[in-house]
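Below is data.txt, holding compact mmCIF, C-alpha atoms.
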```txt
# COMPACT_ATOMS: atom_id res chain seq x y z
CA MET A 21 -132.23 37.10 -126.64
CA LEU A 22 -135.85 38.02 -125.97
CA LEU A 23 -136.36 35.45 -123.24
CA LYS A 24 -133.38 36.73 -121.31
CA LYS A 25 -134.72 40.28 -121.40
CA LEU A 26 -138.10 39.00 -120.38
CA LEU A 27 -136.61 37.05 -117.49
CA LYS A 28 -134.59 40.07 -116.38
CA GLN A 29 -137.64 42.28 -116.36
CA ALA A 30 -139.76 39.64 -114.63
CA ALA A 31 -137.09 39.22 -111.99
CA LYS A 32 -137.36 42.96 -111.28
CA GLY A 33 -141.08 42.51 -110.72
CA ASN A 34 -142.31 43.85 -114.05
CA ARG A 35 -145.87 42.61 -114.17
CA LEU A 36 -146.08 42.68 -117.98
CA ALA A 37 -142.99 40.54 -118.32
CA GLN A 38 -144.35 38.14 -115.72
CA LYS A 39 -147.65 37.94 -117.58
CA SER A 40 -145.82 37.33 -120.81
CA LEU A 41 -143.91 34.43 -119.25
CA PHE A 42 -147.08 33.08 -117.71
CA ASP A 43 -148.93 33.26 -121.03
CA GLN A 44 -146.10 31.48 -122.76
CA TYR A 45 -145.65 28.61 -120.33
CA ALA A 46 -148.89 28.34 -118.34
CA HIS A 47 -150.57 25.66 -120.47
CA GLY A 48 -147.51 23.47 -120.67
CA MET A 49 -146.91 23.72 -116.95
CA MET A 50 -150.57 23.13 -116.23
CA HIS A 51 -150.30 19.90 -118.21
CA VAL A 52 -147.31 18.90 -116.10
CA CYS A 53 -149.24 19.62 -112.92
CA LEU A 54 -152.27 17.77 -114.21
CA ARG A 55 -150.11 14.74 -114.85
CA TYR A 56 -149.40 14.61 -111.13
CA MET A 57 -152.55 16.12 -109.67
CA ARG A 58 -155.77 14.84 -111.08
CA ARG A 59 -158.00 17.66 -109.89
CA ILE A 60 -157.71 20.84 -111.90
CA GLU A 61 -158.03 23.15 -108.84
CA VAL A 62 -155.19 21.40 -107.06
CA ALA A 63 -153.10 21.44 -110.23
CA GLU A 64 -153.76 25.14 -110.59
CA ASP A 65 -152.67 25.73 -106.99
CA CYS A 66 -149.44 23.94 -107.72
CA LEU A 67 -149.03 25.97 -110.90
CA MET A 68 -149.57 29.27 -109.06
CA THR A 69 -147.18 28.39 -106.26
CA GLY A 70 -144.67 27.16 -108.81
CA PHE A 71 -144.84 30.37 -110.81
CA MET A 72 -144.60 32.47 -107.66
CA LYS A 73 -141.44 30.62 -106.64
CA ALA A 74 -140.09 30.88 -110.16
CA PHE A 75 -140.66 34.66 -110.25
CA SER A 76 -139.01 35.20 -106.91
CA ASN A 77 -135.98 33.10 -107.92
CA LEU A 78 -135.50 34.47 -111.41
CA GLY A 79 -132.76 36.80 -110.21
CA SER A 80 -130.40 33.94 -109.42
CA LEU A 81 -131.22 31.96 -112.56
CA GLN A 82 -128.46 31.44 -115.15
CA ILE A 83 -129.68 30.00 -118.45
CA LYS A 84 -128.12 29.57 -121.84
CA LYS A 85 -131.10 28.56 -123.91
CA GLU A 86 -134.86 28.44 -123.68
CA SER A 87 -135.02 24.71 -123.01
CA ASP A 88 -132.97 25.28 -119.85
CA PHE A 89 -135.62 27.66 -118.56
CA LYS A 90 -138.41 25.29 -119.50
CA ARG A 91 -136.66 22.42 -117.73
CA TRP A 92 -136.12 24.59 -114.65
CA LEU A 93 -139.78 25.58 -114.62
CA VAL A 94 -140.90 21.95 -115.05
CA THR A 95 -138.67 20.94 -112.11
CA ILE A 96 -140.28 23.62 -109.94
CA MET A 97 -143.75 22.44 -110.91
CA ILE A 98 -142.91 18.79 -110.26
CA ASN A 99 -141.47 19.67 -106.86
CA GLU A 100 -144.60 21.63 -106.01
CA CYS A 101 -146.81 18.71 -107.04
CA LEU A 102 -144.69 16.28 -105.02
CA MET A 103 -144.94 18.59 -102.04
CA GLN A 104 -148.70 18.57 -102.36
CA LEU A 105 -148.74 14.81 -102.73
CA ARG A 106 -146.50 14.46 -99.68
CA LYS A 107 -149.11 16.33 -97.67
CA LYS A 108 -151.65 13.73 -98.69
CA GLU A 109 -149.32 10.98 -97.41
CA ILE A 110 -149.79 8.53 -100.17
CA GLU A 111 -148.78 5.03 -99.26
CA TYR A 112 -146.32 3.52 -101.68
CA THR A 113 -146.42 -0.21 -101.13
CA SER A 114 -143.90 -2.57 -102.58
CA ILE A 115 -145.51 -4.98 -105.00
CA GLU A 116 -143.97 -8.08 -106.44
CA GLN A 117 -142.30 -6.90 -109.57
CA ALA A 118 -143.35 -8.52 -112.78
CA ALA A 119 -141.71 -8.03 -116.10
CA THR A 120 -144.45 -6.15 -117.80
CA PRO A 121 -144.21 -5.64 -121.50
CA PHE A 122 -145.42 -2.27 -122.59
CA VAL A 123 -148.18 -1.62 -125.11
CA LYS A 124 -148.03 -3.32 -128.43
CA ASN A 125 -147.03 -1.38 -131.49
CA GLU A 126 -150.38 -1.68 -133.12
CA ILE A 127 -152.03 -0.23 -130.04
CA GLU A 128 -149.46 2.54 -129.87
CA ASP A 129 -150.15 3.54 -133.42
CA GLY A 130 -153.80 3.98 -132.75
CA LEU A 131 -153.28 6.14 -129.66
CA ALA A 132 -153.31 9.88 -129.79
CA ALA A 133 -151.01 11.83 -127.47
CA LYS A 134 -154.03 13.33 -125.77
CA ASP A 135 -155.39 9.87 -124.98
CA ILE A 136 -152.04 8.77 -123.59
CA HIS A 137 -151.96 11.85 -121.39
CA LYS A 138 -155.47 11.18 -120.21
CA GLN A 139 -154.79 7.54 -119.45
CA ILE A 140 -151.69 8.46 -117.47
CA SER A 141 -153.63 11.00 -115.45
CA LEU A 142 -156.20 8.34 -114.63
CA LEU A 143 -153.64 6.07 -113.01
CA PRO A 144 -153.84 5.70 -109.20
CA GLU A 145 -151.93 8.45 -107.47
CA GLY A 146 -148.87 6.48 -106.31
CA TYR A 147 -148.39 4.70 -109.62
CA ARG A 148 -148.99 7.87 -111.55
CA THR A 149 -146.40 9.82 -109.61
CA ILE A 150 -143.67 7.24 -110.09
CA PHE A 151 -144.59 6.64 -113.73
CA ASN A 152 -144.46 10.37 -114.45
CA LEU A 153 -141.21 10.85 -112.60
CA TYR A 154 -139.48 7.90 -114.23
CA VAL A 155 -140.86 7.70 -117.75
CA ILE A 156 -141.90 11.25 -118.60
CA ASP A 157 -139.64 13.44 -116.48
CA GLY A 158 -136.60 11.19 -116.64
CA TYR A 159 -135.72 10.72 -112.97
CA SER A 160 -133.85 7.57 -111.93
CA HIS A 161 -135.27 5.15 -109.37
CA GLN A 162 -132.69 6.36 -106.90
CA GLU A 163 -133.77 9.96 -107.34
CA ILE A 164 -137.43 9.00 -107.09
CA ALA A 165 -136.75 7.02 -103.92
CA HIS A 166 -134.95 10.02 -102.48
CA LYS A 167 -137.66 12.49 -103.50
CA LEU A 168 -140.55 10.41 -102.22
CA GLY A 169 -138.76 8.88 -99.26
CA ILE A 170 -139.30 5.32 -100.37
CA ASN A 171 -137.14 2.32 -101.25
CA ILE A 172 -135.72 1.90 -104.73
CA GLY A 173 -137.46 -1.47 -104.88
CA THR A 174 -140.79 0.13 -104.11
CA SER A 175 -140.24 2.66 -106.88
CA LYS A 176 -139.43 -0.11 -109.34
CA SER A 177 -142.38 -2.27 -108.37
CA GLN A 178 -144.80 0.65 -108.49
CA LEU A 179 -143.52 1.56 -111.93
CA ALA A 180 -144.04 -1.99 -113.15
CA ARG A 181 -147.55 -1.96 -111.79
CA ALA A 182 -148.22 1.40 -113.42
CA ARG A 183 -147.00 0.03 -116.74
CA LYS A 184 -149.27 -2.99 -116.40
CA ILE A 185 -152.33 -0.88 -115.63
CA LEU A 186 -151.56 1.50 -118.46
CA GLN A 187 -151.18 -1.38 -120.87
CA GLU A 188 -154.55 -2.78 -119.85
CA LYS A 189 -156.09 0.67 -120.20
CA PHE A 190 -154.56 1.18 -123.63
CA ILE A 191 -155.84 -2.23 -124.80
CA ASP A 192 -159.33 -1.46 -123.47
CA TYR A 193 -159.21 1.93 -125.11
CA ALA A 194 -158.11 0.46 -128.44
CA GLU A 195 -160.81 -2.18 -128.26
CA GLN A 196 -163.45 0.44 -127.58
CA ARG A 197 -162.37 2.32 -130.65
CA MET B 19 -138.63 -0.94 -123.01
CA GLN B 20 -136.49 2.13 -123.30
CA ASN B 21 -137.69 2.87 -126.82
CA LYS B 22 -141.27 2.56 -125.68
CA ASP B 23 -140.56 4.91 -122.80
CA LYS B 24 -138.90 7.38 -125.12
CA TRP B 25 -141.81 7.26 -127.52
CA LEU B 26 -144.30 7.72 -124.70
CA LYS B 27 -142.28 10.58 -123.21
CA LYS B 28 -142.07 12.30 -126.60
CA GLN B 29 -145.79 11.95 -127.16
CA VAL B 30 -146.64 13.33 -123.74
CA LEU B 31 -144.19 16.24 -123.80
CA GLU B 32 -145.13 17.30 -127.28
CA TYR B 33 -148.76 17.18 -126.35
CA GLU B 34 -148.14 19.22 -123.21
CA MET B 35 -146.21 21.92 -125.00
CA GLN B 36 -148.50 22.23 -127.98
CA SER B 37 -152.00 21.87 -126.68
CA SER B 38 -153.95 23.95 -124.23
CA VAL B 39 -155.64 22.55 -121.15
CA GLU B 40 -159.30 21.93 -121.70
CA GLY B 41 -161.68 23.45 -119.21
CA TRP B 42 -159.02 25.76 -117.82
CA ASN B 43 -159.09 29.49 -118.37
CA LYS B 44 -155.61 30.92 -118.46
CA SER B 45 -156.77 34.54 -118.16
CA GLU B 46 -158.71 33.86 -115.01
CA ALA B 47 -155.75 31.95 -113.68
CA TRP B 48 -153.53 34.94 -114.43
CA ASN B 49 -155.94 37.25 -112.63
CA ARG B 50 -155.74 35.05 -109.57
CA MET B 51 -152.00 34.82 -110.02
CA GLU B 52 -151.77 38.62 -110.19
CA MET B 53 -153.70 38.86 -106.95
CA TYR B 54 -151.34 36.38 -105.36
CA LEU B 55 -148.37 38.31 -106.67
CA GLU B 56 -149.77 41.57 -105.38
CA SER B 57 -150.54 40.17 -101.96
CA SER B 58 -147.14 38.51 -101.93
CA ARG B 59 -145.52 41.84 -102.79
CA ASN B 60 -147.49 43.57 -100.05
CA LEU B 61 -146.54 40.82 -97.65
CA GLU B 62 -142.93 41.20 -98.65
CA ARG B 63 -143.17 44.96 -98.13
CA ALA B 64 -144.72 44.38 -94.74
CA HIS B 65 -141.95 41.91 -93.90
CA ARG B 66 -139.35 44.36 -95.09
CA LEU B 67 -140.91 47.12 -93.04
CA ARG B 68 -141.08 44.88 -90.02
CA ARG B 69 -137.45 43.90 -90.51
CA ARG B 70 -136.46 47.56 -90.80
CA LEU B 71 -138.52 48.41 -87.77
CA ARG B 72 -136.90 45.61 -85.79
CA LEU B 73 -133.50 46.73 -86.98
CA ALA B 74 -134.26 50.32 -86.02
CA VAL B 75 -135.50 49.22 -82.61
CA ALA B 76 -132.43 47.04 -82.17
CA VAL B 77 -130.17 49.92 -83.20
CA ILE B 78 -131.95 52.33 -80.86
CA VAL B 79 -131.83 49.86 -77.99
CA GLY B 80 -128.18 49.15 -78.77
CA LEU B 81 -127.35 52.84 -78.86
CA MET B 82 -129.24 53.40 -75.64
CA MET B 83 -127.40 50.53 -74.00
CA ILE B 84 -124.07 51.83 -75.26
CA GLY B 85 -125.03 55.35 -74.15
CA GLY B 86 -126.13 54.07 -70.76
CA GLY B 87 -122.98 52.04 -70.43
CA LEU B 88 -120.87 55.03 -71.37
CA PHE B 89 -122.80 57.23 -68.96
CA VAL B 90 -122.31 54.77 -66.11
CA TYR B 91 -118.67 54.30 -67.05
CA MET B 92 -118.08 58.06 -67.29
CA ARG B 93 -119.91 58.63 -64.06
CA GLY B 94 -117.84 55.94 -62.36
CA THR B 95 -114.64 57.30 -63.85
CA ILE B 96 -115.50 60.85 -62.89
CA SER B 97 -116.41 59.74 -59.39
CA GLN B 98 -113.16 57.79 -59.17
CA LEU B 99 -111.18 60.76 -60.47
CA ASN B 100 -112.98 62.98 -58.04
CA GLN B 101 -112.07 60.62 -55.23
CA GLN B 102 -108.47 60.52 -56.41
CA LEU B 103 -108.37 64.29 -56.64
CA TYR B 104 -109.87 64.55 -53.18
CA THR B 105 -107.30 62.11 -51.83
CA GLN B 106 -104.51 63.91 -53.66
CA ASN B 107 -105.80 67.19 -52.38
CA LYS B 108 -105.79 65.82 -48.88
CA GLY B 109 -102.28 64.56 -49.43
CA LEU B 110 -101.24 67.92 -50.83
CA GLU B 111 -102.81 69.68 -47.92
CA SER B 112 -100.98 67.42 -45.52
CA LEU B 113 -97.80 67.88 -47.54
CA HIS B 114 -98.38 71.59 -47.49
CA GLN B 115 -98.79 71.48 -43.76
CA ASP B 116 -95.68 69.38 -43.42
CA LEU B 117 -93.85 71.79 -45.68
CA ALA B 118 -95.12 74.69 -43.66
CA LYS B 119 -93.97 72.90 -40.52
CA SER B 120 -90.60 72.10 -41.97
CA ASP B 121 -90.41 75.61 -43.35
CA GLN B 122 -91.13 76.86 -39.90
CA LYS B 123 -88.51 74.51 -38.53
CA MET B 124 -86.08 75.65 -41.17
CA LYS B 125 -86.81 79.22 -40.33
CA GLU B 126 -86.31 78.48 -36.70
CA MET B 127 -83.15 76.62 -37.46
CA SER B 128 -82.02 79.39 -39.75
CA ALA B 129 -82.72 81.92 -37.06
CA GLN B 130 -80.90 79.71 -34.63
CA MET B 131 -78.02 79.36 -37.05
CA GLN B 132 -77.94 83.03 -37.65
CA ALA B 133 -77.96 83.58 -33.95
CA MET B 134 -75.25 81.01 -33.55
CA GLU B 135 -73.31 82.42 -36.46
CA SER B 136 -73.40 85.79 -34.91
CA GLN B 137 -72.07 84.24 -31.79
CA LEU B 138 -69.81 81.80 -33.47
CA PRO B 139 -66.23 82.26 -32.45
CA ARG B 140 -64.53 81.69 -35.75
CA VAL B 141 -61.88 83.75 -34.29
CA VAL B 142 -62.07 82.66 -30.77
CA GLU B 143 -62.15 85.27 -28.17
CA ARG B 144 -59.01 86.25 -26.64
CA VAL B 145 -57.90 83.66 -24.25
CA LYS B 146 -56.05 84.41 -21.20
CA TRP B 147 -53.94 81.36 -20.90
CA LYS B 148 -53.22 81.92 -17.34
CA THR B 149 -56.65 81.13 -16.14
CA LYS B 150 -58.25 79.23 -18.99
CA ILE B 151 -56.24 76.24 -20.10
CA LYS B 152 -56.00 73.32 -17.79
CA THR B 153 -54.94 70.10 -19.45
CA ASP B 154 -51.49 68.63 -19.21
CA THR B 155 -50.51 69.64 -22.66
CA ILE B 156 -51.47 73.19 -22.19
CA VAL B 157 -50.41 73.31 -18.55
CA LYS B 158 -46.95 74.05 -19.71
CA LEU B 159 -48.27 77.06 -21.40
CA LYS B 160 -50.10 77.96 -18.32
CA ARG B 161 -46.94 78.61 -16.49
CA VAL B 162 -46.01 81.13 -19.03
CA THR B 163 -47.50 84.28 -17.86
CA LEU B 164 -49.12 85.22 -20.99
CA VAL B 165 -51.25 88.22 -21.10
CA ASP B 166 -51.38 88.09 -24.76
CA THR B 167 -53.88 86.50 -27.06
CA ILE B 168 -53.88 83.26 -28.90
CA ARG B 169 -56.22 82.82 -31.78
CA VAL B 170 -57.60 79.37 -31.95
CA GLU B 171 -59.31 78.03 -35.05
CA VAL B 172 -61.12 74.82 -34.59
CA PRO B 173 -62.95 73.25 -37.53
CA VAL B 174 -65.54 71.49 -35.49
CA SER B 175 -69.20 71.74 -36.13
CA GLU B 176 -70.55 75.12 -35.52
CA ALA B 177 -73.40 73.85 -33.46
CA TYR B 178 -71.02 72.00 -31.26
CA TRP B 179 -68.72 74.88 -31.14
CA ALA B 180 -71.60 77.11 -30.18
CA GLN B 181 -72.17 75.06 -27.11
CA HIS B 182 -68.61 75.69 -26.07
CA GLU B 183 -68.31 79.20 -27.15
CA LYS B 184 -66.82 80.33 -23.95
CA ALA B 185 -63.14 80.50 -24.03
CA ASP B 186 -62.61 78.67 -20.80
CA GLU B 187 -64.19 75.62 -22.29
CA THR B 188 -61.98 75.66 -25.32
CA HIS B 189 -59.80 72.80 -24.38
CA GLU B 190 -62.68 70.59 -23.40
CA ALA B 191 -64.29 71.44 -26.67
CA ILE B 192 -61.14 70.65 -28.53
CA SER B 193 -60.63 67.29 -26.89
CA GLU B 194 -64.21 66.31 -27.43
CA ALA B 195 -64.33 67.58 -30.93
CA GLU B 196 -61.14 65.83 -31.78
CA THR B 197 -62.68 62.47 -31.22
CA LYS B 198 -65.44 63.38 -33.59
CA VAL B 199 -63.74 65.29 -36.33
CA LYS B 200 -60.26 63.87 -36.07
CA GLU B 201 -58.56 66.86 -37.47
CA ARG B 202 -55.83 68.79 -36.20
CA TYR B 203 -56.46 72.12 -34.59
CA THR B 204 -54.58 75.15 -35.33
CA PHE B 205 -53.48 77.46 -32.62
CA GLU B 206 -52.34 80.75 -33.89
CA LEU B 207 -50.31 82.73 -31.63
CA ASN B 208 -50.61 86.42 -31.91
CA SER B 209 -48.29 87.98 -29.58
CA ASN B 210 -47.34 91.20 -31.14
CA ARG B 211 -47.25 92.84 -27.87
CA GLN B 212 -44.88 90.36 -26.32
CA SER B 213 -41.22 90.90 -26.23
CA ASP B 214 -39.18 88.75 -28.52
CA LYS B 215 -37.84 86.84 -25.62
CA LYS B 216 -41.23 86.02 -24.32
CA LYS B 217 -42.44 85.21 -27.78
CA LYS B 218 -39.63 82.86 -28.21
CA ILE B 219 -40.39 81.17 -24.93
CA ILE B 220 -44.04 80.83 -25.83
CA ILE B 221 -43.24 79.49 -29.23
CA GLU B 222 -40.84 77.02 -27.78
CA LYS B 223 -43.41 75.88 -25.28
CA LEU B 224 -46.02 75.59 -27.95
CA LEU B 225 -43.70 73.73 -30.25
CA SER B 226 -42.86 71.43 -27.45
CA ALA B 227 -46.51 70.87 -26.75
CA GLN B 228 -47.14 70.37 -30.43
CA LYS B 229 -44.40 67.83 -30.66
CA SER B 230 -45.47 65.92 -27.61
CA THR B 231 -49.14 65.87 -28.38
CA GLY B 232 -49.20 66.28 -32.16
CA ARG B 233 -52.56 67.79 -31.74
CA PHE B 234 -52.06 71.32 -33.00
CA THR B 235 -49.90 73.51 -35.15
CA VAL B 236 -48.23 76.61 -33.97
CA LEU B 237 -47.92 79.41 -36.44
CA ASN B 238 -45.69 82.19 -35.57
CA LYS B 239 -46.76 85.60 -36.89
```
Starting from the coordinates I provided, produce the structure as structure tokens.
Amino acid sequence: MLLKKLLKQAAKGNRLAQKSLFDQYAHGMMHVCLRYMRRIEVAEDCLMTGFMKAFSNLGSLQIKKESDFKRWLVTIMINECLMQLRKKEIEYTSIEQAATPFVKNEIEDGLAAKDIHKQISLLPEGYRTIFNLYVIDGYSHQEIAHKLGINIGTSKSQLARARKILQEKFIDYAEQR
Amino acid sequence: MQNKDKWLKKQVLEYEMQSSVEGWNKSEAWNRMEMYLESSRNLERAHRLRRRLRLAVAVIVGLMMIGGGLFVYMRGTISQLNQQLYTQNKGLESLHQDLAKSDQKMKEMSAQMQAMESQLPRVVERVKWKTKIKTDTIVKLKRVTLVDTIRVEVPVSEAYWAQHEKADETHEAISEAETKVKERYTFELNSNRQSDKKKKIIIEKLLSAQKSTGRFTVLNK
């Protein structure tokens, strides 16, 4: 398996192997970071730190398939972004939860993935973080609460609010088109 | 809601994995990354060196401490041993002196013994009964005008005997020694020069004395 060889070499500090891994996954990971960090410089910082940590921990990594490695890398990037966000001390306030229906099918159909990505990245920081963690990266409310040091209720309410804002944004976007 | 989430997640992840980030130069990012990696490697080397240096210093200090401890311990032990040897030497010297003293004493005693031995009357000097024996038991013998000799063997201590080496003190010596040694004394009559008649008389007297006192044995030769 090519990836395994590449990982082995990169773990030994082979710069070419590291570059190869970076080339392969940099854009995807940069997207992940940009989902959490709006500014590209900050996202890049997270990406760099994430890759540095990944390279230094490759030796202890046991993977069976490529998706495992990708998932591991994404987790590192998310943790880096959350660490950065924690430094900013975002206030997650509990909002009254409302059952918010998500975007309508007709709107969905007209949306391109790029637009969805953009709209998500435009969400306010707190909402965006919880939306990304829950919807895109598949964490449970309990895990999110644990990671961010907030209540489960807060996580849920913030997610609902994020959904509502996104829906409004999608509708606006569809109307503009 | 879950289907919507799944759809949204799929859209986003597919987009992330397939498209490049606009306005972001990967090569430049890699160059920066390489710099970070290099500086990180250098930093790691520096850390490793520092760790090794600390370890080396710790080892040297440890060895020095152990060496110092050993030196102090050895010095203390040697000093203690020295002290012990000194004390033992003193003791030996004193013992040597004592031995020399006792040796001297022994020599003196030996000389004394030899002197005594030379004077020791194993075979007591000839006794002239007429003048020498005084006690009641021997008085009977006294009347016998013996001009002959009687050999007296007394197994009392030689030192004691030496004090009473003179024949005229024989009886006194015997009576005193008897209380100490509680053995019988043997008087041996040697009267070759006496006539048979006289011998017979003497023997009879002696036997009589022996019987009455039970203190000695008369052997007729």
Exercise for the section: Write out as an MDAnalysis selection string every residue belonging to chain A that has an atom at most 10 Å from any atom of chain B, counting only C-alpha atoms. Expected result: chainID A and resid 33 35 38:39 42:52 54:55 60:61 64:65 67:69 71:72 75:76 120:125 128 131:138 140 152 154:158
Problem - One-decimal distance in Å that lies between CA of Leu27 in chain A and CA of Gly79 in chain A - result: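 Distance between the two atoms: 8.2 Å.
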Problem - Atomic distance CA of Ser57 in chain B - CA of Lys73 in chain A, expressed in Å with one decimal - result: 14.0 Å
Practice task
Using CA of Arg63 in chain B and CA of Val75 in chain B as the two end points, give the distance in Å to one decimal.
Solution key: 17.8 Å
Exercise for the section: Determine the nearest neighbour of Ile98 in chain A from the options A:Leu143, A:Ile83, A:Leu168, A:Ala31, counting all atoms listed in the file. Expected result: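 The closest residue to Ile98 in chain A is A:Leu168.
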Exercise for the section: Tell me which of A:Arg58, A:Cys53, A:Glu86, A:Cys101 sits closest to Leu26 in chain A, counting only C-alpha atoms. Expected result: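 With only C-alpha atoms as the atom set, the closest residue is A:Glu86.
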